[in-house]
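File shown: start_19.tsv. Contents: TSV, C-alpha atoms and all ligand atoms.
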chain	number	residue	atom	x	y	z
P	1	MET	CA	4.54	-19.59	-17.24
P	2	GLU	CA	4.52	-22.79	-15.20
P	3	THR	CA	1.83	-25.02	-16.55
P	4	LEU	CA	0.25	-27.09	-13.84
P	5	ALA	CA	-2.55	-28.61	-15.85
P	6	PRO	CA	-1.94	-28.31	-19.59
P	7	ASP	CA	-5.33	-29.77	-20.59
P	8	LEU	CA	-7.33	-27.12	-18.77
P	9	SER	CA	-8.66	-23.81	-20.08
P	10	PRO	CA	-6.48	-20.72	-19.46
P	11	GLU	CA	-8.88	-19.65	-16.70
P	12	ALA	CA	-8.65	-23.00	-14.97
P	13	GLN	CA	-4.86	-23.05	-15.31
P	14	PHE	CA	-4.73	-19.57	-13.86
P	15	GLN	CA	-6.84	-20.61	-10.89
P	16	ALA	CA	-4.69	-23.72	-10.39
P	17	ARG	CA	-1.60	-21.54	-10.13
P	18	ILE	CA	-3.27	-19.31	-7.59
P	19	ASP	CA	-4.46	-22.30	-5.57
P	20	ALA	CA	-0.88	-23.57	-5.57
P	21	ASP	CA	0.26	-20.17	-4.23
P	22	ILE	CA	2.29	-19.40	-7.35
P	23	ARG	CA	2.46	-15.64	-7.80
P	24	ILE	CA	1.12	-14.01	-10.95
P	25	GLU	CA	3.60	-11.65	-12.62
P	26	PRO	CA	2.86	-8.72	-14.96
P	27	LYS	CA	3.31	-10.45	-18.31
P	28	ASP	CA	1.57	-13.69	-17.35
P	29	TRP	CA	-1.83	-14.45	-18.78
P	30	MET	CA	-4.66	-13.36	-16.49
P	31	PRO	CA	-8.45	-13.05	-16.82
P	32	GLU	CA	-9.57	-9.56	-17.76
P	33	ALA	CA	-11.74	-9.37	-14.65
P	34	TYR	CA	-8.73	-10.15	-12.44
P	35	ARG	CA	-6.75	-7.39	-14.12
P	36	LYS	CA	-9.59	-4.87	-13.82
P	37	THR	CA	-10.37	-5.73	-10.22
P	38	LEU	CA	-6.71	-5.41	-9.28
P	39	ILE	CA	-6.32	-2.07	-11.04
P	40	ARG	CA	-9.34	-0.78	-9.15
P	41	GLN	CA	-8.18	-2.17	-5.81
P	42	ILE	CA	-4.54	-1.11	-6.07
P	43	SER	CA	-5.25	2.35	-7.46
P	44	GLN	CA	-7.91	2.90	-4.82
P	45	HIS	CA	-5.33	2.00	-2.21
P	46	ALA	CA	-2.77	4.33	-3.82
P	47	HIS	CA	-5.30	7.16	-3.85
P	48	SER	CA	-5.97	6.56	-0.16
P	49	GLU	CA	-2.28	6.96	0.63
P	50	LEU	CA	-2.17	10.19	-1.34
P	51	VAL	CA	-5.34	11.76	0.01
P	52	GLY	CA	-4.39	10.40	3.43
P	53	MET	CA	-1.56	12.92	3.56
P	54	LEU	CA	-4.02	15.82	3.68
P	55	PRO	CA	-5.62	15.40	7.14
P	56	GLU	CA	-2.18	14.97	8.74
P	57	GLY	CA	-0.50	17.60	6.60
P	58	ASN	CA	-2.99	19.91	8.23
P	59	TRP	CA	-1.06	19.62	11.53
P	60	ILE	CA	2.57	19.73	10.41
P	61	THR	CA	2.91	23.45	10.99
P	62	ARG	CA	1.11	23.23	14.31
P	63	ALA	CA	2.73	20.17	15.86
P	64	PRO	CA	3.44	20.93	19.54
P	65	SER	CA	7.20	20.39	19.38
P	66	LEU	CA	10.04	20.12	16.92
P	67	LYS	CA	10.26	16.39	17.64
P	68	ARG	CA	6.57	15.84	16.86
P	69	LYS	CA	6.88	17.94	13.75
P	70	ALA	CA	9.83	15.91	12.43
P	71	ILE	CA	7.97	12.66	13.17
P	72	LEU	CA	4.77	13.82	11.50
P	73	LEU	CA	6.69	15.02	8.45
P	74	ALA	CA	8.41	11.65	8.18
P	75	LYS	CA	5.09	9.86	8.45
P	76	VAL	CA	3.42	11.97	5.79
P	77	GLN	CA	6.43	11.46	3.54
P	78	ASP	CA	6.08	7.70	4.04
P	79	GLU	CA	2.44	7.90	2.92
P	80	ALA	CA	3.56	9.63	-0.28
P	81	GLY	CA	6.03	6.77	-0.76
P	82	HIS	CA	3.26	4.20	-0.20
P	83	GLY	CA	1.18	5.88	-2.86
P	84	LEU	CA	4.12	5.70	-5.27
P	85	TYR	CA	4.86	2.01	-4.60
P	86	LEU	CA	1.21	1.22	-5.25
P	87	TYR	CA	0.80	3.35	-8.37
P	88	SER	CA	3.86	1.58	-9.80
P	89	ALA	CA	2.33	-1.80	-9.00
P	90	ALA	CA	-0.92	-0.81	-10.73
P	91	GLU	CA	0.99	0.45	-13.78
P	92	THR	CA	2.39	-3.04	-14.35
P	93	LEU	CA	-1.20	-4.07	-15.16
P	94	GLY	CA	-1.38	-1.72	-18.12
P	95	THR	CA	-2.94	1.43	-16.73
P	96	SER	CA	-1.06	4.74	-16.59
P	97	ARG	CA	-0.30	7.15	-13.77
P	98	ASP	CA	-2.08	9.93	-15.64
P	99	GLN	CA	-5.17	7.79	-16.11
P	100	MET	CA	-5.32	6.87	-12.44
P	101	LEU	CA	-4.90	10.46	-11.31
P	102	ALA	CA	-7.52	11.62	-13.80
P	103	ASP	CA	-9.96	9.06	-12.35
P	104	LEU	CA	-9.22	10.24	-8.82
P	105	HIS	CA	-9.67	13.88	-9.73
P	106	SER	CA	-12.91	13.34	-11.66
P	107	GLY	CA	-14.38	11.44	-8.71
P	108	LYS	CA	-14.63	8.23	-10.71
P	109	ALA	CA	-12.10	6.44	-8.51
P	110	LYS	CA	-12.63	6.12	-4.77
P	111	TYR	CA	-10.27	6.40	-1.83
P	112	SER	CA	-10.75	5.38	1.78
P	113	SER	CA	-13.64	7.31	3.31
P	114	ILE	CA	-11.78	7.76	6.57
P	115	PHE	CA	-9.91	10.69	5.05
P	116	ASN	CA	-13.14	12.58	4.55
P	117	TYR	CA	-13.28	13.28	8.27
P	118	PRO	CA	-11.64	16.45	9.61
P	119	THR	CA	-8.63	16.54	11.96
P	120	LEU	CA	-9.74	19.06	14.57
P	121	SER	CA	-7.25	18.76	17.41
P	122	TRP	CA	-3.71	17.52	18.02
P	123	ALA	CA	-5.20	14.38	19.58
P	124	ASP	CA	-6.53	13.56	16.12
P	125	MET	CA	-2.93	12.98	15.03
P	126	GLY	CA	-2.75	10.42	17.82
P	127	CYS	CA	-6.01	8.76	16.72
P	128	VAL	CA	-5.08	8.72	13.05
P	129	GLY	CA	-1.79	6.96	13.75
P	130	TRP	CA	-3.08	4.64	16.44
P	131	LEU	CA	-6.48	3.73	14.98
P	132	VAL	CA	-6.42	4.54	11.27
P	133	ASP	CA	-2.93	3.20	10.61
P	134	GLY	CA	-3.74	0.34	12.98
P	135	ALA	CA	-6.76	-0.59	10.85
P	136	ALA	CA	-4.71	-0.14	7.69
P	137	ILE	CA	-2.09	-2.56	9.02
P	138	LEU	CA	-4.73	-5.23	9.64
P	139	ASN	CA	-5.96	-4.77	6.07
P	140	GLN	CA	-2.49	-4.73	4.60
P	141	VAL	CA	-0.53	-7.47	6.35
P	142	PRO	CA	-2.51	-10.27	4.65
P	143	LEU	CA	-1.97	-8.52	1.30
P	144	CYS	CA	1.78	-9.16	1.60
P	145	ARG	CA	0.80	-12.69	0.46
P	146	THR	CA	-1.61	-11.61	-2.23
P	147	SER	CA	-1.54	-13.44	-5.58
P	148	TYR	CA	-0.24	-10.60	-7.76
P	149	GLY	CA	3.54	-10.31	-7.36
P	150	PRO	CA	4.11	-6.55	-7.76
P	151	TYR	CA	1.21	-5.80	-5.39
P	152	ALA	CA	2.48	-8.24	-2.76
P	153	ARG	CA	5.99	-6.79	-2.96
P	154	ALA	CA	4.68	-3.23	-2.63
P	155	MET	CA	2.69	-4.28	0.42
P	156	VAL	CA	5.75	-5.80	2.08
P	157	ARG	CA	7.42	-2.39	1.83
P	158	VAL	CA	4.35	-0.56	3.05
P	159	CYS	CA	3.86	-2.86	6.03
P	160	LYS	CA	7.47	-2.48	7.16
P	161	GLU	CA	6.88	1.26	7.45
P	162	GLU	CA	3.40	1.24	8.94
P	163	SER	CA	4.27	0.01	12.40
P	164	PHE	CA	6.20	3.21	13.10
P	165	HIS	CA	3.05	5.11	12.11
P	166	GLN	CA	0.91	3.28	14.57
P	167	ARG	CA	3.41	3.53	17.39
P	168	GLN	CA	3.94	7.26	17.01
P	169	GLY	CA	0.15	7.70	17.13
P	170	PHE	CA	-0.16	5.58	20.23
P	171	GLU	CA	2.64	7.56	21.84
P	172	ILE	CA	0.80	10.83	21.16
P	173	MET	CA	-2.30	9.35	22.82
P	174	GLN	CA	-0.31	8.03	25.76
P	175	THR	CA	1.40	11.38	26.31
P	176	LEU	CA	-1.95	13.17	26.29
P	177	CYS	CA	-3.51	10.60	28.61
P	178	GLU	CA	-0.70	10.98	31.12
P	179	GLY	CA	-0.92	14.78	30.94
P	180	ALA	CA	-3.31	17.32	32.43
P	181	PRO	CA	-7.02	16.43	32.68
P	182	VAL	CA	-7.81	18.72	29.77
P	183	GLN	CA	-5.29	16.84	27.63
P	184	LYS	CA	-6.82	13.52	28.54
P	185	GLU	CA	-10.25	14.92	27.67
P	186	MET	CA	-8.86	15.93	24.32
P	187	ALA	CA	-7.70	12.36	23.74
P	188	GLN	CA	-11.10	10.94	24.72
P	189	GLU	CA	-12.93	13.44	22.52
P	190	ALA	CA	-10.80	12.47	19.53
P	191	LEU	CA	-11.36	8.76	20.19
P	192	ASN	CA	-15.10	9.42	20.33
P	193	ARG	CA	-15.00	10.91	16.85
P	194	TRP	CA	-12.60	8.42	15.22
P	195	TRP	CA	-13.76	5.10	16.63
P	196	TRP	CA	-16.77	4.45	14.40
P	197	PRO	CA	-15.31	5.83	11.17
P	198	THR	CA	-12.30	3.55	11.75
P	199	LEU	CA	-14.58	0.51	12.06
P	200	MET	CA	-16.08	1.55	8.73
P	201	MET	CA	-12.64	1.32	7.09
P	202	PHE	CA	-13.07	-2.45	6.80
P	203	GLY	CA	-15.94	-1.93	4.40
P	204	PRO	CA	-19.56	-3.08	4.38
P	205	LYS	CA	-20.76	-6.14	6.24
P	206	ASP	CA	-19.91	-9.45	4.58
P	207	ALA	CA	-23.57	-9.89	3.61
P	208	ASP	CA	-23.39	-6.61	1.67
P	209	SER	CA	-20.03	-7.29	0.06
P	210	PRO	CA	-20.84	-9.37	-3.03
P	211	ASN	CA	-17.32	-9.25	-4.52
P	212	THR	CA	-15.62	-10.73	-1.47
P	213	GLU	CA	-16.06	-14.33	-2.62
P	214	GLN	CA	-14.38	-13.83	-5.99
P	215	SER	CA	-11.61	-11.73	-4.45
P	216	MET	CA	-10.89	-14.41	-1.85
P	217	LYS	CA	-10.78	-17.02	-4.61
P	218	TRP	CA	-8.23	-14.92	-6.47
P	219	ARG	CA	-6.37	-14.29	-3.21
P	220	ILE	CA	-6.41	-10.56	-3.63
P	221	LYS	CA	-8.30	-10.47	-0.37
P	222	ARG	CA	-7.49	-12.95	2.36
P	223	PHE	CA	-9.97	-12.18	5.17
P	224	THR	CA	-13.54	-10.90	5.03
P	225	ASN	CA	-14.49	-7.41	6.14
P	226	ASP	CA	-16.25	-8.65	9.26
P	227	GLU	CA	-13.34	-10.89	10.23
P	228	LEU	CA	-10.93	-7.97	10.07
P	229	ARG	CA	-13.32	-5.66	11.91
P	230	GLN	CA	-13.58	-8.18	14.74
P	231	LYS	CA	-9.80	-8.54	14.92
P	232	PHE	CA	-9.48	-4.78	15.12
P	233	VAL	CA	-11.93	-4.43	17.98
P	234	ASP	CA	-10.23	-7.26	19.85
P	235	MET	CA	-6.90	-5.54	19.43
P	236	MET	CA	-7.99	-2.00	20.24
P	237	VAL	CA	-10.31	-2.31	23.23
P	238	PRO	CA	-7.51	-3.44	25.57
P	239	GLN	CA	-5.24	-0.71	24.22
P	240	ALA	CA	-7.88	1.93	24.93
P	241	GLU	CA	-8.25	0.49	28.42
P	242	PHE	CA	-4.51	0.76	28.92
P	243	LEU	CA	-4.72	4.43	28.02
P	244	GLY	CA	-7.60	4.89	30.45
P	245	LEU	CA	-9.94	5.78	27.60
P	246	LYS	CA	-13.35	4.37	26.77
P	247	VAL	CA	-14.39	3.40	23.26
P	248	PRO	CA	-17.72	5.11	22.47
P	249	ASP	CA	-19.79	1.94	22.24
P	250	ASP	CA	-21.89	0.72	25.19
P	251	LYS	CA	-22.23	-2.68	23.61
P	252	VAL	CA	-18.53	-3.46	23.81
P	253	GLN	CA	-18.20	-6.46	26.09
P	254	TRP	CA	-15.91	-9.47	26.32
P	255	ASN	CA	-17.67	-12.62	25.15
P	256	GLU	CA	-16.13	-15.56	26.98
P	257	GLU	CA	-17.70	-18.10	24.67
P	258	ARG	CA	-16.49	-16.50	21.43
P	259	GLN	CA	-13.21	-15.38	23.00
P	260	ALA	CA	-13.81	-12.03	21.32
P	261	TYR	CA	-15.45	-8.70	22.05
P	262	ASP	CA	-19.09	-8.14	21.20
P	263	PHE	CA	-19.70	-4.67	19.83
P	264	GLY	CA	-22.44	-2.45	18.46
P	265	GLU	CA	-23.63	-1.92	14.92
P	266	VAL	CA	-21.86	0.56	12.66
P	267	ASP	CA	-24.06	3.37	11.34
P	268	TRP	CA	-24.19	2.11	7.75
P	269	GLU	CA	-26.23	5.04	6.59
P	270	GLU	CA	-23.36	7.33	7.52
P	271	PHE	CA	-20.92	4.96	5.81
P	272	TRP	CA	-22.76	4.99	2.48
P	273	ASN	CA	-23.36	8.69	2.72
P	274	VAL	CA	-19.62	9.41	2.98
P	275	VAL	CA	-18.85	6.90	0.21
P	276	LYS	CA	-21.30	8.76	-2.01
P	277	GLY	CA	-19.40	11.99	-1.49
P	278	ASN	CA	-21.37	13.69	1.26
P	279	GLY	CA	-18.86	13.42	4.10
P	280	LEU	CA	-17.58	16.46	5.95
P	281	CYS	CA	-14.44	16.83	3.84
P	282	ASN	CA	-15.03	15.00	0.54
P	283	HIS	CA	-15.21	18.23	-1.40
P	284	GLU	CA	-12.25	19.85	0.31
P	285	ARG	CA	-9.99	16.79	-0.10
P	286	LEU	CA	-10.65	16.40	-3.80
P	287	GLN	CA	-10.29	20.09	-4.39
P	288	ALA	CA	-6.92	20.14	-2.62
P	289	ARG	CA	-5.74	17.23	-4.80
P	290	VAL	CA	-6.91	18.80	-8.06
P	291	GLN	CA	-5.41	22.14	-7.13
P	292	ALA	CA	-2.03	20.61	-6.27
P	293	HIS	CA	-2.06	18.71	-9.54
P	294	GLU	CA	-2.99	21.68	-11.67
P	295	GLU	CA	-0.62	24.07	-9.96
P	296	GLY	CA	2.17	21.54	-10.41
P	297	ALA	CA	1.57	21.15	-14.15
P	298	TRP	CA	4.18	23.74	-15.12
P	299	VAL	CA	6.81	21.96	-13.04
P	300	ARG	CA	6.14	18.65	-14.77
P	301	GLU	CA	6.29	20.32	-18.18
P	302	ALA	CA	9.40	22.33	-17.37
P	303	ALA	CA	11.22	19.22	-16.15
P	304	LEU	CA	10.47	17.45	-19.42
P	305	ALA	CA	11.57	20.47	-21.46
P	306	HIS	CA	14.77	20.71	-19.41
P	307	ALA	CA	15.51	17.00	-19.91
P	308	ALA	CA	14.91	17.33	-23.67
P	309	LYS	CA	17.19	20.35	-23.91
P	310	ARG	CA	20.01	18.65	-22.03
P	311	LYS	CA	19.70	15.58	-24.22
P	312	GLU	CA	19.91	17.72	-27.33
P	313	ARG	CA	22.97	19.58	-26.07
P	314	ALA	CA	24.69	16.33	-25.13
P	315	ALA	CA	23.98	15.02	-28.65
P	316	VAL	CA	25.48	18.13	-30.24
P	317	ALA	CA	28.56	17.96	-28.03
P	318	ALA	CA	29.13	14.29	-28.84
Q	319	MET	CA	-0.83	22.13	-22.10
Q	320	ILE	CA	0.95	18.99	-23.28
Q	321	GLN	CA	-0.30	15.91	-21.53
Q	322	GLN	CA	2.80	13.80	-21.23
Q	323	GLU	CA	3.99	11.53	-18.48
Q	324	TRP	CA	7.55	11.48	-17.24
Q	325	PRO	CA	9.27	8.28	-18.42
Q	326	LEU	CA	9.25	5.18	-16.21
Q	327	TRP	CA	12.48	4.03	-14.55
Q	328	GLU	CA	13.38	0.80	-12.79
Q	329	VAL	CA	15.30	1.10	-9.55
Q	330	PHE	CA	17.99	-1.32	-8.32
Q	331	ILE	CA	19.56	-1.01	-4.88
Q	332	ARG	CA	22.63	-2.50	-3.24
Q	333	SER	CA	21.51	-2.85	0.34
Q	334	LYS	CA	25.03	-3.18	1.70
Q	335	GLN	CA	28.57	-3.37	0.49
Q	336	GLY	CA	29.32	-6.81	-0.90
Q	337	LEU	CA	25.78	-7.64	-2.06
Q	338	ASP	CA	24.21	-7.46	-5.53
Q	339	HIS	CA	21.98	-4.65	-6.67
Q	340	LYS	CA	18.40	-5.87	-6.46
Q	341	HIS	CA	15.30	-4.62	-8.23
Q	342	VAL	CA	13.10	-2.74	-5.75
Q	343	GLY	CA	10.47	-1.05	-7.89
Q	344	SER	CA	9.93	1.73	-10.35
Q	345	LEU	CA	9.18	5.44	-10.53
Q	346	HIS	CA	8.62	8.28	-12.97
Q	347	ALA	CA	11.22	10.97	-13.61
Q	348	ALA	CA	12.06	13.42	-16.37
Q	349	ASP	CA	15.73	12.38	-16.57
Q	350	ALA	CA	18.36	10.21	-14.92
Q	351	ALA	CA	19.39	12.80	-12.35
Q	352	MET	CA	15.82	13.20	-11.19
Q	353	ALA	CA	15.28	9.44	-11.24
Q	354	MET	CA	18.26	9.10	-8.92
Q	355	GLN	CA	16.96	11.76	-6.52
Q	356	ASN	CA	13.49	10.25	-6.51
Q	357	ALA	CA	14.85	6.74	-6.03
Q	358	ARG	CA	16.71	7.94	-2.96
Q	359	ASP	CA	13.58	9.56	-1.53
Q	360	VAL	CA	11.17	6.78	-2.42
Q	361	TYR	CA	13.26	3.68	-1.77
Q	362	THR	CA	15.97	4.53	0.79
Q	363	ARG	CA	14.31	6.60	3.51
Q	364	ARG	CA	15.59	4.17	6.15
Q	365	LEU	CA	19.14	3.49	4.94
Q	366	GLU	CA	18.00	0.62	2.73
Q	367	GLY	CA	20.87	1.17	0.35
Q	368	VAL	CA	24.48	2.18	-0.21
Q	369	SER	CA	24.24	2.34	-4.01
Q	370	ILE	CA	21.46	2.90	-6.55
Q	371	TRP	CA	21.09	2.07	-10.24
Q	372	VAL	CA	18.28	3.55	-12.29
Q	373	VAL	CA	17.47	2.27	-15.78
Q	374	GLU	CA	14.79	3.61	-18.05
Q	375	SER	CA	12.21	0.82	-18.24
Q	376	ARG	CA	12.02	0.89	-22.03
Q	377	HIS	CA	15.63	-0.31	-22.19
Q	378	ILE	CA	14.89	-3.55	-20.39
Q	379	HIS	CA	14.35	-6.66	-22.51
Q	380	ALA	CA	12.47	-9.39	-20.69
Q	381	SER	CA	12.09	-13.07	-21.46
Q	382	ASN	CA	8.63	-14.07	-22.60
Q	383	PRO	CA	6.62	-15.85	-19.89
Q	384	ASP	CA	4.64	-17.75	-22.53
Q	385	GLU	CA	7.87	-19.31	-23.75
Q	386	ALA	CA	9.32	-19.86	-20.31
Q	387	ALA	CA	8.77	-23.62	-20.41
Q	388	GLU	CA	10.81	-24.17	-23.62
Q	389	PHE	CA	13.27	-21.45	-22.76
Q	390	PHE	CA	14.34	-22.83	-19.39
Q	391	GLU	CA	13.68	-26.51	-20.15
Q	392	PRO	CA	17.24	-27.34	-21.33
Q	393	ALA	CA	18.48	-26.99	-17.76
Q	394	ALA	CA	15.81	-29.26	-16.34
Q	395	ASP	CA	17.35	-32.64	-17.22
Q	396	LYS	CA	20.92	-31.79	-16.32
Q	397	VAL	CA	20.91	-32.92	-12.72
Q	398	TYR	CA	24.61	-33.72	-13.02
Q	399	ARG	CA	25.26	-29.99	-12.76
Q	400	HIS	CA	24.47	-30.24	-9.06
Q	401	PRO	CA	26.87	-31.63	-6.46
Q	402	THR	CA	24.09	-33.74	-4.93
Q	403	PHE	CA	24.10	-35.87	-8.12
Q	404	TYR	CA	27.34	-37.53	-7.01
Q	405	ASP	CA	27.68	-40.22	-4.36
Q	406	VAL	CA	30.68	-39.62	-2.20
Q	407	PRO	CA	31.81	-42.48	0.05
Q	408	ASP	CA	31.21	-41.76	3.75
Q	409	SER	CA	34.92	-42.16	4.52
Q	410	ILE	CA	35.86	-39.29	2.22
Q	411	LYS	CA	36.03	-36.03	4.15
Q	412	HIS	CA	36.21	-32.42	3.04
Q	413	MET	CA	34.38	-32.76	-0.30
S	501	FE	FE	0.47	4.20	4.31
S	502	FE	FE	-1.97	2.10	3.41
S	503	FE	FE	0.53	4.93	7.50
Please rewrite the model in this file as structure tokens.
Amino acid sequence: METLAPDLSPEAQFQARIDADIRIEPKDWMPEAYRKTLIRQISQHAHSELVGMLPEGNWITRAPSLKRKAILLAKVQDEAGHGLYLYSAAETLGTSRDQMLADLHSGKAKYSSIFNYPTLSWADMGCVGWLVDGAAILNQVPLCRTSYGPYARAMVRVCKEESFHQRQGFEIMQTLCEGAPVQKEMAQEALNRWWWPTLMMFGPKDADSPNTEQSMKWRIKRFTNDELRQKFVDMMVPQAEFLGLKVPDDKVQWNEERQAYDFGEVDWEEFWNVVKGNGLCNHERLQARVQAHEEGAWVREAALAHAAKRKERAAVAA
Amino acid sequence: MIQQEWPLWEVFIRSKQGLDHKHVGSLHAADAAMAMQNARDVYTRRLEGVSIWVVESRHIHASNPDEAAEFFEPAADKVYRHPTFYDVPDSIKHM
């Protein structure tokens, strides 16, 4: 490990490396709290990718054309890939895949609350790509420069793939908005439902986010929740206008002085309620995950048995 | 039910003919054939590679980061291994 200040304590040396933008790699010394926080953050992100496949998977068989179906399949497959990149990154910190999945399935580990909302119409596929992936991109791009090497490298991969996700969502919205009035209504109705939950994706207000300061110091977070939320609103309001849609917030207004949009207050009660497990789909999502895992157990075991048998036979033949 | 994870594999990809294989990440698989299939699906969905190597992670021996300073130090004071160490007169061309 590069030693920048040999007289300092390991903690101080560690912080000096981070301040100098030197990446931390798996076998380097790191404070236990850094390791634990990262495992929680990365596995939570991985879980979100995994559970995030469910609301969109819901529409694969009902996509309106073969083209849309192929695109949606590719997107959902990407999300599975994102989950795998991130689980691998977390495993370099000393946790195991089985442990992480067990924590997800027991409800101990969290995933993004956005996936606890239902996908009711085809326009929801537009909103998920355009808004939800759009918000995810804002969260993720700064993480490409995060202090932990394997995490940063995983995020570079993820980010490369996300922009297709957002564009295909926007294209769904645009197609609906240029279609029949009933299609445009469908787009507006979906936006009405997804707008606020998407703003919640950036997490609680800075004042209610006590860990932000430490995470910024460790560079495992590079902007505050409120900063990212503001960026998102500034990005999305003009895009909604382009589509001829209206974001469901009467307080949205351009503020000349701040050079940013003012906007209304998120319903934090709803936010905490969904985090606590009382959203519309929390139960269903977790149940689908557990069921898939349990019903797949025999496949995992059979593959191991098959590999062991082949190894044995190869040994005998040799 | 036996609770046992599939082994971990490291994946290396040659992005195009003429370049080295480069480490891209890892994955779990029961055996090499499955590791290869999974590597294709996880790491080359957009033609990122023309060739894949998979190696079971337990076979990799890594240098120790705590000894990195001593380990790599011998190369540090050998500046004469670099062409920039040598002064070449301005009138000499093609060197
Ligand atoms: Fe993703
Ligand atoms: Fe993501
Ligand atoms: Fe995505």
### Task
Can you work out which one of Q:Lys396, Q:Arg332, Q:Lys340, Q:Arg363 has the shortest atom-to-atom distance to chain P, counting all atoms listed in the file?
Q:Arg363
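Taking all atoms listed in the file into account, ligand FE 501 (chain S) lies nearest to P:Leu50 out of the set P:Leu176, P:Ala16, P:Ile39, P:Leu50.
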Within 7 Å of ligand FE 501 (chain S): each chain P residue with its shortest pair, all atoms listed in the file, as a tab-separated table:
residue	atom	partner	partner_atom	distance
P:Glu49	CA	S:FE501	FE	5.4
P:Asp78	CA	S:FE501	FE	6.6
P:Glu79	CA	S:FE501	FE	4.4
P:His82	CA	S:FE501	FE	5.3
P:Val158	CA	S:FE501	FE	6.3
P:Glu162	CA	S:FE501	FE	6.2
Once you have the residues from the selection above, write them out as a PDB file, in the frame of the given file, restricted to C-alpha atoms.
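Result file again34.pdb:
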ATOM      1  CA  GLU P  49      -2.280   6.960   0.630  1.00  0.00           C
ATOM      2  CA  ASP P  78       6.080   7.700   4.040  1.00  0.00           C
ATOM      3  CA  GLU P  79       2.440   7.900   2.920  1.00  0.00           C
ATOM      4  CA  HIS P  82       3.260   4.200  -0.200  1.00  0.00           C
ATOM      5  CA  VAL P 158       4.350  -0.560   3.050  1.00  0.00           C
ATOM      6  CA  GLU P 162       3.400   1.240   8.940  1.00  0.00           C
TER       7      GLU P 162
END
Residues of chain P within 7 Å of chain Q: nearest atom pair and distance (Å, one decimal) for each, counting all atoms listed in the file, sorted by chain and number, as a tab-separated table?
residue	atom	partner	partner_atom	distance
P:Met1	CA	Q:Pro383	CA	5.0
P:Glu2	CA	Q:Ala387	CA	6.8
P:Lys27	CA	Q:Pro383	CA	6.5
P:Asp28	CA	Q:Pro383	CA	6.1
P:Gly81	CA	Q:Val360	CA	5.4
P:Ser88	CA	Q:Ser344	CA	6.1
P:Asp98	CA	Q:Glu323	CA	6.9
P:Ala303	CA	Q:Ala348	CA	5.9
P:Leu304	CA	Q:Ala348	CA	5.3
P:Ala307	CA	Q:Asp349	CA	5.7
### Query
Residues within 12 Å of ligand FE 503 (chain S) (all atoms listed in the file), as an MDAnalysis selection string?
chainID P and resid 45:46 48:53 56 72:83 125 127:140 155 157:169
Just the selected residues (C-alpha atoms), exported as a tab-separated table (two decimals), in the frame of the given file, please.
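Result file follows (out24.tsv):
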chain	number	residue	atom	x	y	z
P	45	HIS	CA	-5.33	2.00	-2.21
P	46	ALA	CA	-2.77	4.33	-3.82
P	48	SER	CA	-5.97	6.56	-0.16
P	49	GLU	CA	-2.28	6.96	0.63
P	50	LEU	CA	-2.17	10.19	-1.34
P	51	VAL	CA	-5.34	11.76	0.01
P	52	GLY	CA	-4.39	10.40	3.43
P	53	MET	CA	-1.56	12.92	3.56
P	56	GLU	CA	-2.18	14.97	8.74
P	72	LEU	CA	4.77	13.82	11.50
P	73	LEU	CA	6.69	15.02	8.45
P	74	ALA	CA	8.41	11.65	8.18
P	75	LYS	CA	5.09	9.86	8.45
P	76	VAL	CA	3.42	11.97	5.79
P	77	GLN	CA	6.43	11.46	3.54
P	78	ASP	CA	6.08	7.70	4.04
P	79	GLU	CA	2.44	7.90	2.92
P	80	ALA	CA	3.56	9.63	-0.28
P	81	GLY	CA	6.03	6.77	-0.76
P	82	HIS	CA	3.26	4.20	-0.20
P	83	GLY	CA	1.18	5.88	-2.86
P	125	MET	CA	-2.93	12.98	15.03
P	127	CYS	CA	-6.01	8.76	16.72
P	128	VAL	CA	-5.08	8.72	13.05
P	129	GLY	CA	-1.79	6.96	13.75
P	130	TRP	CA	-3.08	4.64	16.44
P	131	LEU	CA	-6.48	3.73	14.98
P	132	VAL	CA	-6.42	4.54	11.27
P	133	ASP	CA	-2.93	3.20	10.61
P	134	GLY	CA	-3.74	0.34	12.98
P	135	ALA	CA	-6.76	-0.59	10.85
P	136	ALA	CA	-4.71	-0.14	7.69
P	137	ILE	CA	-2.09	-2.56	9.02
P	138	LEU	CA	-4.73	-5.23	9.64
P	139	ASN	CA	-5.96	-4.77	6.07
P	140	GLN	CA	-2.49	-4.73	4.60
P	155	MET	CA	2.69	-4.28	0.42
P	157	ARG	CA	7.42	-2.39	1.83
P	158	VAL	CA	4.35	-0.56	3.05
P	159	CYS	CA	3.86	-2.86	6.03
P	160	LYS	CA	7.47	-2.48	7.16
P	161	GLU	CA	6.88	1.26	7.45
P	162	GLU	CA	3.40	1.24	8.94
P	163	SER	CA	4.27	0.01	12.40
P	164	PHE	CA	6.20	3.21	13.10
P	165	HIS	CA	3.05	5.11	12.11
P	166	GLN	CA	0.91	3.28	14.57
P	167	ARG	CA	3.41	3.53	17.39
P	168	GLN	CA	3.94	7.26	17.01
P	169	GLY	CA	0.15	7.70	17.13
### Shell around Q:Ile370 at 12 Å using all atoms listed in the file, local window under 2 positions removed, as an NGL selection string
:Q and (328-335 or 338-343 or 350-351 or 353-362 or 365-368 or 372-373)
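Atom CA of P:Thr119 to atom CA of P:His293 spans 22.6 Å [interatomic distance, one decimal].
Atom to atom, atom CA of P:Phe223 and atom CA of P:Gly277 stand 26.8 Å apart.
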